[in-house]
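J.: File name input_16.pdb; file contents PDB, C-alpha atoms and all ligand atoms; full text below.
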ATOM      1  CA  MET A 212    -189.661-196.653-143.004  1.00  0.00           C
ATOM      2  CA  SER A 213    -191.816-193.562-143.141  1.00  0.00           C
ATOM      3  CA  VAL A 214    -189.879-191.229-145.423  1.00  0.00           C
ATOM      4  CA  ARG A 215    -186.414-192.072-146.716  1.00  0.00           C
ATOM      5  CA  LEU A 216    -184.063-190.038-148.853  1.00  0.00           C
ATOM      6  CA  THR A 217    -181.171-191.726-150.670  1.00  0.00           C
ATOM      7  CA  VAL A 218    -178.444-189.864-152.522  1.00  0.00           C
ATOM      8  CA  LEU A 219    -177.853-191.404-155.952  1.00  0.00           C
ATOM      9  CA  GLY A 220    -175.439-188.700-157.040  1.00  0.00           C
ATOM     10  CA  CYS A 221    -174.068-185.551-155.460  1.00  0.00           C
ATOM     11  CA  ALA A 222    -171.095-184.378-157.542  1.00  0.00           C
ATOM     12  CA  GLY A 223    -171.519-180.837-158.793  1.00  0.00           C
ATOM     13  CA  THR A 224    -171.072-179.887-162.460  1.00  0.00           C
ATOM     14  CA  HIS A 225    -169.300-183.110-163.493  1.00  0.00           C
ATOM     15  CA  PRO A 226    -168.716-186.561-161.995  1.00  0.00           C
ATOM     16  CA  GLY A 227    -165.752-187.286-159.754  1.00  0.00           C
ATOM     17  CA  PRO A 228    -163.972-190.561-158.978  1.00  0.00           C
ATOM     18  CA  ALA A 229    -166.792-192.845-157.740  1.00  0.00           C
ATOM     19  CA  ARG A 230    -169.031-189.778-157.391  1.00  0.00           C
ATOM     20  CA  MET A 231    -172.035-189.482-159.674  1.00  0.00           C
ATOM     21  CA  CYS A 232    -173.936-186.330-160.578  1.00  0.00           C
ATOM     22  CA  SER A 233    -177.111-185.015-158.936  1.00  0.00           C
ATOM     23  CA  SER A 234    -179.926-187.433-158.196  1.00  0.00           C
ATOM     24  CA  TYR A 235    -181.977-188.150-155.083  1.00  0.00           C
ATOM     25  CA  LEU A 236    -184.597-190.788-154.390  1.00  0.00           C
ATOM     26  CA  LEU A 237    -187.381-189.898-151.969  1.00  0.00           C
ATOM     27  CA  GLU A 238    -189.444-192.856-150.780  1.00  0.00           C
ATOM     28  CA  THR A 239    -192.541-193.377-148.731  1.00  0.00           C
ATOM     29  CA  PRO A 240    -194.177-196.786-148.370  1.00  0.00           C
ATOM     30  CA  GLY A 241    -195.535-197.476-151.843  1.00  0.00           C
ATOM     31  CA  TYR A 242    -194.189-194.406-153.656  1.00  0.00           C
ATOM     32  CA  ARG A 243    -190.806-193.378-155.073  1.00  0.00           C
ATOM     33  CA  LEU A 244    -189.913-189.994-156.533  1.00  0.00           C
ATOM     34  CA  LEU A 245    -186.622-189.470-158.356  1.00  0.00           C
ATOM     35  CA  VAL A 246    -185.384-185.892-158.165  1.00  0.00           C
ATOM     36  CA  ASP A 247    -182.875-185.173-160.940  1.00  0.00           C
ATOM     37  CA  CYS A 248    -181.088-187.831-162.962  1.00  0.00           C
ATOM     38  CA  GLY A 249    -177.485-186.723-163.438  1.00  0.00           C
ATOM     39  CA  ASN A 250    -174.582-188.549-165.072  1.00  0.00           C
ATOM     40  CA  GLY A 251    -173.964-191.961-163.562  1.00  0.00           C
ATOM     41  CA  SER A 252    -176.818-191.842-161.053  1.00  0.00           C
ATOM     42  CA  LEU A 253    -178.644-194.655-162.829  1.00  0.00           C
ATOM     43  CA  SER A 254    -175.749-196.926-161.916  1.00  0.00           C
ATOM     44  CA  ASN A 255    -176.275-196.187-158.225  1.00  0.00           C
ATOM     45  CA  LEU A 256    -180.039-196.582-158.607  1.00  0.00           C
ATOM     46  CA  GLN A 257    -179.644-200.100-159.964  1.00  0.00           C
ATOM     47  CA  GLN A 258    -177.627-201.182-156.965  1.00  0.00           C
ATOM     48  CA  ARG A 259    -180.838-201.232-154.908  1.00  0.00           C
ATOM     49  CA  TRP A 260    -183.835-200.622-157.153  1.00  0.00           C
ATOM     50  CA  ASP A 261    -185.445-201.521-160.465  1.00  0.00           C
ATOM     51  CA  VAL A 262    -186.272-198.560-162.720  1.00  0.00           C
ATOM     52  CA  ALA A 263    -189.813-199.939-162.840  1.00  0.00           C
ATOM     53  CA  ASP A 264    -190.066-199.032-159.129  1.00  0.00           C
ATOM     54  CA  ILE A 265    -189.847-195.288-159.883  1.00  0.00           C
ATOM     55  CA  ASP A 266    -193.286-193.653-159.776  1.00  0.00           C
ATOM     56  CA  ALA A 267    -192.310-190.165-161.003  1.00  0.00           C
ATOM     57  CA  VAL A 268    -189.300-188.037-161.909  1.00  0.00           C
ATOM     58  CA  LEU A 269    -188.682-184.333-161.334  1.00  0.00           C
ATOM     59  CA  ILE A 270    -185.933-182.630-163.336  1.00  0.00           C
ATOM     60  CA  SER A 271    -184.841-179.331-161.821  1.00  0.00           C
ATOM     61  CA  HIS A 272    -183.214-177.859-164.930  1.00  0.00           C
ATOM     62  CA  LEU A 273    -181.584-178.599-168.244  1.00  0.00           C
ATOM     63  CA  HIS A 274    -177.935-178.791-167.302  1.00  0.00           C
ATOM     64  CA  PRO A 275    -176.347-182.140-168.185  1.00  0.00           C
ATOM     65  CA  ASP A 276    -175.323-182.970-164.619  1.00  0.00           C
ATOM     66  CA  HIS A 277    -179.051-183.039-163.731  1.00  0.00           C
ATOM     67  CA  PHE A 278    -180.648-184.822-166.687  1.00  0.00           C
ATOM     68  CA  SER A 279    -178.040-186.891-168.589  1.00  0.00           C
ATOM     69  CA  ASP A 280    -179.133-190.264-167.246  1.00  0.00           C
ATOM     70  CA  LEU A 281    -182.702-189.711-168.427  1.00  0.00           C
ATOM     71  CA  TYR A 282    -181.448-191.264-171.661  1.00  0.00           C
ATOM     72  CA  GLY A 283    -180.371-194.423-169.881  1.00  0.00           C
ATOM     73  CA  LEU A 284    -183.637-194.426-167.931  1.00  0.00           C
ATOM     74  CA  TYR A 285    -185.542-194.229-171.215  1.00  0.00           C
ATOM     75  CA  TYR A 286    -183.754-197.230-172.683  1.00  0.00           C
ATOM     76  CA  MET A 287    -184.130-199.239-169.479  1.00  0.00           C
ATOM     77  CA  LEU A 288    -187.882-198.564-169.462  1.00  0.00           C
ATOM     78  CA  ARG A 289    -188.216-199.323-173.170  1.00  0.00           C
ATOM     79  CA  PHE A 290    -186.333-202.597-173.014  1.00  0.00           C
ATOM     80  CA  HIS A 291    -187.393-203.653-169.535  1.00  0.00           C
ATOM     81  CA  PRO A 292    -187.291-207.462-169.177  1.00  0.00           C
ATOM     82  CA  ASP A 293    -190.914-207.471-167.987  1.00  0.00           C
ATOM     83  CA  GLY A 294    -192.071-205.403-170.965  1.00  0.00           C
ATOM     84  CA  PRO A 295    -192.031-201.691-171.764  1.00  0.00           C
ATOM     85  CA  ARG A 296    -192.626-199.342-168.834  1.00  0.00           C
ATOM     86  CA  SER A 297    -193.372-195.621-168.601  1.00  0.00           C
ATOM     87  CA  VAL A 298    -192.798-192.936-166.010  1.00  0.00           C
ATOM     88  CA  PRO A 299    -194.148-189.381-165.691  1.00  0.00           C
ATOM     89  CA  VAL A 300    -191.370-186.775-165.850  1.00  0.00           C
ATOM     90  CA  TYR A 301    -191.977-183.214-164.605  1.00  0.00           C
ATOM     91  CA  ALA A 302    -189.468-180.699-165.947  1.00  0.00           C
ATOM     92  CA  PRO A 303    -189.182-177.117-167.213  1.00  0.00           C
ATOM     93  CA  GLY A 304    -191.084-176.423-170.426  1.00  0.00           C
ATOM     94  CA  GLY A 305    -189.424-177.534-173.665  1.00  0.00           C
ATOM     95  CA  THR A 306    -187.515-180.412-172.064  1.00  0.00           C
ATOM     96  CA  LEU A 307    -188.888-183.096-174.397  1.00  0.00           C
ATOM     97  CA  GLN A 308    -188.060-181.102-177.528  1.00  0.00           C
ATOM     98  CA  HIS A 309    -184.598-180.326-176.192  1.00  0.00           C
ATOM     99  CA  LEU A 310    -183.714-183.875-175.163  1.00  0.00           C
ATOM    100  CA  ALA A 311    -185.391-185.738-178.012  1.00  0.00           C
ATOM    101  CA  GLN A 312    -182.866-184.296-180.450  1.00  0.00           C
ATOM    102  CA  VAL A 313    -180.245-186.677-179.067  1.00  0.00           C
ATOM    103  CA  VAL A 314    -182.193-189.940-179.454  1.00  0.00           C
ATOM    104  CA  ASN A 315    -183.224-191.406-182.792  1.00  0.00           C
ATOM    105  CA  ASP A 316    -186.770-190.556-181.923  1.00  0.00           C
ATOM    106  CA  ASP A 317    -189.521-192.814-183.200  1.00  0.00           C
ATOM    107  CA  GLY A 318    -191.893-191.439-180.583  1.00  0.00           C
ATOM    108  CA  GLU A 319    -190.893-193.966-177.961  1.00  0.00           C
ATOM    109  CA  PHE A 320    -188.910-191.428-175.922  1.00  0.00           C
ATOM    110  CA  ALA A 321    -192.105-189.505-175.171  1.00  0.00           C
ATOM    111  CA  ASN A 322    -194.009-192.745-174.564  1.00  0.00           C
ATOM    112  CA  ARG A 323    -191.543-194.041-171.991  1.00  0.00           C
ATOM    113  CA  CYS A 324    -190.669-190.659-170.402  1.00  0.00           C
ATOM    114  CA  GLN A 325    -194.017-188.878-170.277  1.00  0.00           C
ATOM    115  CA  PHE A 326    -193.044-185.232-169.914  1.00  0.00           C
ATOM    116  CA  SER A 327    -195.167-182.520-168.306  1.00  0.00           C
ATOM    117  CA  ALA A 328    -194.031-178.916-168.148  1.00  0.00           C
ATOM    118  CA  ALA A 329    -193.585-177.637-164.599  1.00  0.00           C
ATOM    119  CA  SER A 330    -192.795-174.119-163.479  1.00  0.00           C
ATOM    120  CA  ALA A 331    -192.052-172.169-160.323  1.00  0.00           C
ATOM    121  CA  GLY A 332    -195.160-171.246-158.347  1.00  0.00           C
ATOM    122  CA  GLU A 333    -196.914-174.499-159.183  1.00  0.00           C
ATOM    123  CA  ARG A 334    -197.991-177.215-156.768  1.00  0.00           C
ATOM    124  CA  LEU A 335    -197.876-180.821-157.963  1.00  0.00           C
ATOM    125  CA  GLN A 336    -199.613-183.653-156.158  1.00  0.00           C
ATOM    126  CA  LEU A 337    -197.743-186.858-156.970  1.00  0.00           C
ATOM    127  CA  GLY A 338    -199.176-189.805-155.080  1.00  0.00           C
ATOM    128  CA  PRO A 339    -198.695-189.033-151.364  1.00  0.00           C
ATOM    129  CA  MET A 340    -196.188-186.250-152.097  1.00  0.00           C
ATOM    130  CA  THR A 341    -197.000-182.555-152.442  1.00  0.00           C
ATOM    131  CA  LEU A 342    -194.376-180.648-154.419  1.00  0.00           C
ATOM    132  CA  ASP A 343    -194.228-176.861-154.259  1.00  0.00           C
ATOM    133  CA  LEU A 344    -191.925-175.424-156.911  1.00  0.00           C
ATOM    134  CA  PHE A 345    -189.823-172.290-156.346  1.00  0.00           C
ATOM    135  CA  PRO A 346    -187.547-170.275-158.645  1.00  0.00           C
ATOM    136  CA  ALA A 347    -183.847-170.895-158.110  1.00  0.00           C
ATOM    137  CA  ASN A 348    -181.205-168.292-159.035  1.00  0.00           C
ATOM    138  CA  HIS A 349    -179.302-169.959-161.880  1.00  0.00           C
ATOM    139  CA  PRO A 350    -178.522-169.041-165.516  1.00  0.00           C
ATOM    140  CA  VAL A 351    -181.307-171.273-166.926  1.00  0.00           C
ATOM    141  CA  GLU A 352    -184.862-171.846-165.671  1.00  0.00           C
ATOM    142  CA  THR A 353    -184.343-173.913-162.526  1.00  0.00           C
ATOM    143  CA  LEU A 354    -186.883-175.350-160.108  1.00  0.00           C
ATOM    144  CA  ALA A 355    -186.163-175.589-156.404  1.00  0.00           C
ATOM    145  CA  VAL A 356    -188.669-177.814-154.655  1.00  0.00           C
ATOM    146  CA  ARG A 357    -190.324-178.250-151.283  1.00  0.00           C
ATOM    147  CA  ILE A 358    -191.701-181.770-150.887  1.00  0.00           C
ATOM    148  CA  THR A 359    -194.204-182.530-148.140  1.00  0.00           C
ATOM    149  CA  THR A 360    -195.216-186.099-147.421  1.00  0.00           C
ATOM    150  CA  ASP A 361    -196.361-187.950-144.323  1.00  0.00           C
ATOM    151  CA  GLY A 362    -195.749-184.821-142.230  1.00  0.00           C
ATOM    152  CA  VAL A 363    -192.122-184.565-143.369  1.00  0.00           C
ATOM    153  CA  VAL A 364    -190.689-181.675-145.400  1.00  0.00           C
ATOM    154  CA  VAL A 365    -187.661-182.134-147.641  1.00  0.00           C
ATOM    155  CA  ALA A 366    -186.403-179.118-149.610  1.00  0.00           C
ATOM    156  CA  TYR A 367    -183.942-179.086-152.492  1.00  0.00           C
ATOM    157  CA  SER A 368    -182.244-175.950-153.756  1.00  0.00           C
ATOM    158  CA  ALA A 369    -181.342-177.507-157.112  1.00  0.00           C
ATOM    159  CA  ASP A 370    -178.512-175.373-158.533  1.00  0.00           C
ATOM    160  CA  SER A 371    -178.800-171.873-157.177  1.00  0.00           C
ATOM    161  CA  ALA A 372    -177.037-168.790-155.952  1.00  0.00           C
ATOM    162  CA  ALA A 373    -178.349-167.453-152.647  1.00  0.00           C
ATOM    163  CA  THR A 374    -181.870-166.109-153.029  1.00  0.00           C
ATOM    164  CA  ALA A 375    -184.880-165.382-150.828  1.00  0.00           C
ATOM    165  CA  SER A 376    -187.069-167.938-152.601  1.00  0.00           C
ATOM    166  CA  LEU A 377    -184.869-170.742-151.243  1.00  0.00           C
ATOM    167  CA  SER A 378    -185.627-169.608-147.708  1.00  0.00           C
ATOM    168  CA  ASP A 379    -189.321-169.993-148.536  1.00  0.00           C
ATOM    169  CA  ALA A 380    -188.742-173.393-150.149  1.00  0.00           C
ATOM    170  CA  ALA A 381    -186.855-174.667-147.108  1.00  0.00           C
ATOM    171  CA  ARG A 382    -188.875-172.905-144.364  1.00  0.00           C
ATOM    172  CA  ASP A 383    -188.723-175.135-141.236  1.00  0.00           C
ATOM    173  CA  ALA A 384    -187.849-178.140-143.426  1.00  0.00           C
ATOM    174  CA  ASP A 385    -186.806-181.393-141.772  1.00  0.00           C
ATOM    175  CA  LEU A 386    -184.022-181.688-144.341  1.00  0.00           C
ATOM    176  CA  PHE A 387    -182.626-179.109-146.771  1.00  0.00           C
ATOM    177  CA  LEU A 388    -180.421-180.342-149.610  1.00  0.00           C
ATOM    178  CA  CYS A 389    -178.484-177.296-150.639  1.00  0.00           C
ATOM    179  CA  ASP A 390    -176.031-176.408-153.390  1.00  0.00           C
ATOM    180  CA  ALA A 391    -172.558-175.918-151.880  1.00  0.00           C
ATOM    181  CA  THR A 392    -170.540-176.116-155.080  1.00  0.00           C
ATOM    182  CA  TRP A 393    -167.897-173.632-154.082  1.00  0.00           C
ATOM    183  CA  LEU A 394    -165.621-172.522-151.211  1.00  0.00           C
ATOM    184  CA  GLU A 395    -165.158-169.048-149.787  1.00  0.00           C
ATOM    185  CA  ARG A 396    -161.364-169.197-150.207  1.00  0.00           C
ATOM    186  CA  HIS A 397    -161.810-169.301-153.980  1.00  0.00           C
ATOM    187  CA  ARG A 398    -163.428-165.871-154.175  1.00  0.00           C
ATOM    188  CA  PRO A 399    -163.935-163.952-156.401  1.00  0.00           C
ATOM    189  CA  LEU A 400    -166.564-166.307-157.831  1.00  0.00           C
ATOM    190  CA  PRO A 401    -169.175-165.762-160.552  1.00  0.00           C
ATOM    191  CA  SER A 402    -172.512-164.390-159.370  1.00  0.00           C
ATOM    192  CA  GLY A 403    -175.950-165.861-159.990  1.00  0.00           C
ATOM    193  CA  ILE A 404    -174.917-169.507-160.384  1.00  0.00           C
ATOM    194  CA  HIS A 405    -174.019-171.448-157.190  1.00  0.00           C
ATOM    195  CA  MET A 406    -173.348-171.080-153.477  1.00  0.00           C
ATOM    196  CA  THR A 407    -170.349-171.655-151.275  1.00  0.00           C
ATOM    197  CA  GLY A 408    -170.631-173.845-148.185  1.00  0.00           C
ATOM    198  CA  ALA A 409    -170.926-170.711-146.047  1.00  0.00           C
ATOM    199  CA  GLU A 410    -173.764-169.383-148.190  1.00  0.00           C
ATOM    200  CA  ALA A 411    -175.559-172.742-147.971  1.00  0.00           C
ATOM    201  CA  GLY A 412    -175.280-172.520-144.194  1.00  0.00           C
ATOM    202  CA  ARG A 413    -176.693-168.996-144.155  1.00  0.00           C
ATOM    203  CA  GLN A 414    -179.525-170.088-146.414  1.00  0.00           C
ATOM    204  CA  ALA A 415    -180.379-173.007-144.096  1.00  0.00           C
ATOM    205  CA  ALA A 416    -180.207-170.740-141.034  1.00  0.00           C
ATOM    206  CA  ASP A 417    -182.448-168.164-142.672  1.00  0.00           C
ATOM    207  CA  ALA A 418    -184.976-170.883-143.554  1.00  0.00           C
ATOM    208  CA  GLY A 419    -184.915-172.384-140.050  1.00  0.00           C
ATOM    209  CA  ALA A 420    -184.274-175.849-141.524  1.00  0.00           C
ATOM    210  CA  ALA A 421    -183.708-178.622-138.963  1.00  0.00           C
ATOM    211  CA  ARG A 422    -180.916-180.288-140.961  1.00  0.00           C
ATOM    212  CA  LEU A 423    -178.743-179.214-143.849  1.00  0.00           C
ATOM    213  CA  MET A 424    -177.213-181.594-146.356  1.00  0.00           C
ATOM    214  CA  VAL A 425    -174.501-179.918-148.403  1.00  0.00           C
ATOM    215  CA  THR A 426    -174.422-181.266-151.924  1.00  0.00           C
ATOM    216  CA  HIS A 427    -173.390-180.517-155.511  1.00  0.00           C
ATOM    217  CA  VAL A 428    -169.828-179.908-154.312  1.00  0.00           C
ATOM    218  CA  ILE A 429    -167.632-179.738-157.406  1.00  0.00           C
ATOM    219  CA  PRO A 430    -165.227-182.723-157.293  1.00  0.00           C
ATOM    220  CA  SER A 431    -162.158-180.460-157.142  1.00  0.00           C
ATOM    221  CA  ASN A 432    -163.406-179.237-153.736  1.00  0.00           C
ATOM    222  CA  ASP A 433    -163.530-181.267-150.508  1.00  0.00           C
ATOM    223  CA  PRO A 434    -167.144-181.785-149.365  1.00  0.00           C
ATOM    224  CA  ALA A 435    -165.947-181.788-145.737  1.00  0.00           C
ATOM    225  CA  GLU A 436    -164.553-178.277-146.202  1.00  0.00           C
ATOM    226  CA  ALA A 437    -167.867-177.110-147.686  1.00  0.00           C
ATOM    227  CA  ALA A 438    -169.658-178.632-144.680  1.00  0.00           C
ATOM    228  CA  ALA A 439    -167.264-176.920-142.248  1.00  0.00           C
ATOM    229  CA  GLU A 440    -167.998-173.592-143.933  1.00  0.00           C
ATOM    230  CA  ALA A 441    -171.725-174.254-143.601  1.00  0.00           C
ATOM    231  CA  ALA A 442    -171.387-175.107-139.906  1.00  0.00           C
ATOM    232  CA  GLY A 443    -169.847-171.686-139.349  1.00  0.00           C
ATOM    233  CA  SER A 444    -173.085-169.967-140.288  1.00  0.00           C
ATOM    234  CA  TYR A 445    -175.698-172.550-139.249  1.00  0.00           C
ATOM    235  CA  ASP A 446    -176.366-174.086-135.816  1.00  0.00           C
ATOM    236  CA  GLY A 447    -178.271-177.174-136.988  1.00  0.00           C
ATOM    237  CA  GLU A 448    -176.925-180.560-138.005  1.00  0.00           C
ATOM    238  CA  VAL A 449    -174.836-180.474-141.198  1.00  0.00           C
ATOM    239  CA  LEU A 450    -174.718-183.635-143.297  1.00  0.00           C
ATOM    240  CA  VAL A 451    -172.513-184.264-146.311  1.00  0.00           C
ATOM    241  CA  ALA A 452    -174.116-185.897-149.332  1.00  0.00           C
ATOM    242  CA  THR A 453    -172.274-189.020-150.492  1.00  0.00           C
ATOM    243  CA  ASP A 454    -173.350-191.586-153.072  1.00  0.00           C
ATOM    244  CA  LEU A 455    -175.888-194.078-151.689  1.00  0.00           C
ATOM    245  CA  PHE A 456    -176.125-192.315-148.314  1.00  0.00           C
ATOM    246  CA  SER A 457    -179.653-192.819-146.925  1.00  0.00           C
ATOM    247  CA  ILE A 458    -181.489-190.978-144.198  1.00  0.00           C
ATOM    248  CA  GLU A 459    -184.872-191.787-142.660  1.00  0.00           C
ATOM    249  CA  LEU A 460    -186.995-188.841-141.625  1.00  0.00           C
TER     250      LEU A 460
HETATM  251 ZN    ZN B 501    -175.453-178.821-161.503  1.00  0.00          ZN
HETATM  252 ZN    ZN B 502    -176.977-176.104-163.273  1.00  0.00          ZN
END
Go ahead and render the structure in this file as structure tokens.
Ligand SMILES: [Zn+2]
Ligand SMILES: [Zn+2]

T.:
Amino acid sequence: MSVRLTVLGCAGTHPGPARMCSSYLLETPGYRLLVDCGNGSLSNLQQRWDVADIDAVLISHLHPDHFSDLYGLYYMLRFHPDGPRSVPVYAPGGTLQHLAQVVNDDGEFANRCQFSAASAGERLQLGPMTLDLFPANHPVETLAVRITTDGVVVAYSADSAATASLSDAARDADLFLCDATWLERHRPLPSGIHMTGAEAGRQAADAGAARLMVTHVIPSNDPAEAAAEAAGSYDGEVLVATDLFSIEL
């Protein structure tokens, strides 16, 4: 293995039958980054990994389908059978204050999940991974990310409507995970929130990404239809995110 991405959840907005919400594990030998931690994703994580194996977490934004399982992660770290563990969590500013309201906080939440504020325009160096953060187009502050490690580039749109900054985030990426929540046949659709499969394809084409993985498809839509839309506007390989799908890059 050089660089491996595993989908731990890909359902958009809410879980579906046997489909968890957004979470992706990016691994290089000796380092594991968890990107988002949506509802149910911790269940998939535990099928192959121990939470103590996670070196860092990035949360793209404060919508429940992207952070809900941070609570479970916290309790698993706190009550880990080998003793309490901690993990650094990078997230938009104010995340700790926002999330701590839900737990009976004796300070342990911040000890186990060690939050740092991250914002678009920043570069984070996490172990062997370089993360460049970009602004997504979504109703709350949302971080798209370009991750470079071992010569491989993986980009993630997070939740976003089409926007030029995503083309920068995914420029010539080896793999672009892109929001494809919606379908063209459902127009009119709200603006400034998500993309259709066709828009995800155009975004990947504009970025010159080598592969597109459509994700965050809302469970009432068929991911294969979103992928077919994307293939109509993008010549590269189109993959469909499914729970526990892994790809080596
Ligand atoms: Zn979402
Ligand atoms: Zn969202």

J.: Could you list, as a PDB file with C-alpha atoms, in the coordinates of the input, all the residues within 7 Å of ligand ZN 501 (chain B), counting only C-alpha atoms and all ligand atoms?

T.:
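Writing done, so here's out18.pdb:
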ATOM      1  CA  GLY A 223    -171.519-180.837-158.793  1.00  0.00           C
ATOM      2  CA  THR A 224    -171.072-179.887-162.460  1.00  0.00           C
ATOM      3  CA  SER A 233    -177.111-185.015-158.936  1.00  0.00           C
ATOM      4  CA  HIS A 274    -177.935-178.791-167.302  1.00  0.00           C
ATOM      5  CA  ASP A 276    -175.323-182.970-164.619  1.00  0.00           C
ATOM      6  CA  HIS A 277    -179.051-183.039-163.731  1.00  0.00           C
ATOM      7  CA  ASP A 370    -178.512-175.373-158.533  1.00  0.00           C
ATOM      8  CA  HIS A 427    -173.390-180.517-155.511  1.00  0.00           C
TER       9      HIS A 427
END

J.: For the file shown, report as a PyMOL selection string the outcome of the PyMOL selection byres (((chain A and resi 219) around 9) and not hetatm) at residue level.

T.: chain A and resi 217-218+220-221+231-236+248-249+251-256+453-456

J.: As an exercise, work out the distance from atom CA of A:Ser279 to atom CA of A:Asn250 in Å and give it to one decimal place.

T.: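 If I compute the distance from atom CA of A:Ser279 to atom CA of A:Asn250, I get 5.2 Å.
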
J.: Between A:Arg215, A:His309, A:His291, A:Arg323, which is the closest to A:Leu245 once you count all atoms listed in the file?

T.: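 Using all atoms listed in the file, the shortest distance to A:Leu245 belongs to A:Arg215.
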
J.: Counting only C-alpha atoms and all ligand atoms, which residue out of A:Gly408, A:Gly304, A:Pro275, A:Pro292 sits closest to ligand ZN 502 (chain B)?

T.: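 Ranked by minimum distance to ligand ZN 502 (chain B), first place goes to A:Pro275.
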
J.: What do you get as a PyMOL selection string if you pick all residues at most 12 Å from ligand ZN 502 (chain B), counting only C-alpha atoms and all ligand atoms?

T.: chain A and resi 222-225+232-233+247+249+270-278+347-355+368-372+390+392+403-406+427+429

J.: Apply the PyMOL selection byres (((chain A and resi 262-268) around 6) and not hetatm) to the file shown and report the selected residues as a compact mmCIF listing (two decimals) with C-alpha atoms, keeping the file's coordinate frame.

T.:
# COMPACT_ATOMS: atom_id res chain seq x y z
CA ARG A 243 -190.81 -193.38 -155.07
CA LEU A 244 -189.91 -189.99 -156.53
CA LEU A 245 -186.62 -189.47 -158.36
CA VAL A 246 -185.38 -185.89 -158.16
CA ASP A 261 -185.44 -201.52 -160.46
CA LEU A 269 -188.68 -184.33 -161.33
CA VAL A 298 -192.80 -192.94 -166.01
CA PRO A 299 -194.15 -189.38 -165.69
CA VAL A 300 -191.37 -186.78 -165.85

J.: With all heavy atoms as the target, complete stretch 376-381 of chain A and hand it back as a JSON list (two decimals), keeping the file's coordinate frame.

T.:
[["chain", "number", "residue", "atom", "x", "y", "z"],
["A", 376, "SER", "N", -186.08, -166.88, -152.33],
["A", 376, "SER", "CA", -187.07, -167.94, -152.60],
["A", 376, "SER", "C", -186.63, -169.28, -152.01],
["A", 376, "SER", "O", -187.48, -170.12, -151.68],
["A", 376, "SER", "CB", -187.33, -168.07, -154.10],
["A", 376, "SER", "OG", -186.18, -168.49, -154.78],
["A", 377, "LEU", "N", -185.33, -169.49, -151.85],
["A", 377, "LEU", "CA", -184.87, -170.74, -151.24],
["A", 377, "LEU", "C", -185.22, -170.80, -149.76],
["A", 377, "LEU", "O", -185.47, -171.87, -149.21],
["A", 377, "LEU", "CB", -183.36, -170.92, -151.41],
["A", 377, "LEU", "CG", -182.85, -171.20, -152.82],
["A", 377, "LEU", "CD1", -181.35, -171.42, -152.79],
["A", 377, "LEU", "CD2", -183.56, -172.40, -153.44],
["A", 378, "SER", "N", -185.22, -169.63, -149.12],
["A", 378, "SER", "CA", -185.63, -169.61, -147.71],
["A", 378, "SER", "C", -187.09, -170.00, -147.58],
["A", 378, "SER", "O", -187.48, -170.69, -146.62],
["A", 378, "SER", "CB", -185.41, -168.22, -147.11],
["A", 378, "SER", "OG", -184.05, -167.85, -147.25],
["A", 379, "ASP", "N", -187.91, -169.59, -148.54],
["A", 379, "ASP", "CA", -189.32, -169.99, -148.54],
["A", 379, "ASP", "C", -189.44, -171.49, -148.82],
["A", 379, "ASP", "O", -190.21, -172.19, -148.17],
["A", 379, "ASP", "CB", -190.11, -169.21, -149.59],
["A", 379, "ASP", "CG", -190.15, -167.72, -149.28],
["A", 379, "ASP", "OD1", -190.04, -167.37, -148.08],
["A", 379, "ASP", "OD2", -190.27, -166.92, -150.22],
["A", 380, "ALA", "N", -188.67, -171.97, -149.79],
["A", 380, "ALA", "CA", -188.74, -173.39, -150.15],
["A", 380, "ALA", "C", -188.37, -174.28, -148.96],
["A", 380, "ALA", "O", -188.93, -175.35, -148.77],
["A", 380, "ALA", "CB", -187.83, -173.68, -151.34],
["A", 381, "ALA", "N", -187.40, -173.82, -148.18],
["A", 381, "ALA", "CA", -186.86, -174.67, -147.11],
["A", 381, "ALA", "C", -187.35, -174.26, -145.72],
["A", 381, "ALA", "O", -186.81, -174.73, -144.71],
["A", 381, "ALA", "CB", -185.33, -174.61, -147.14]]
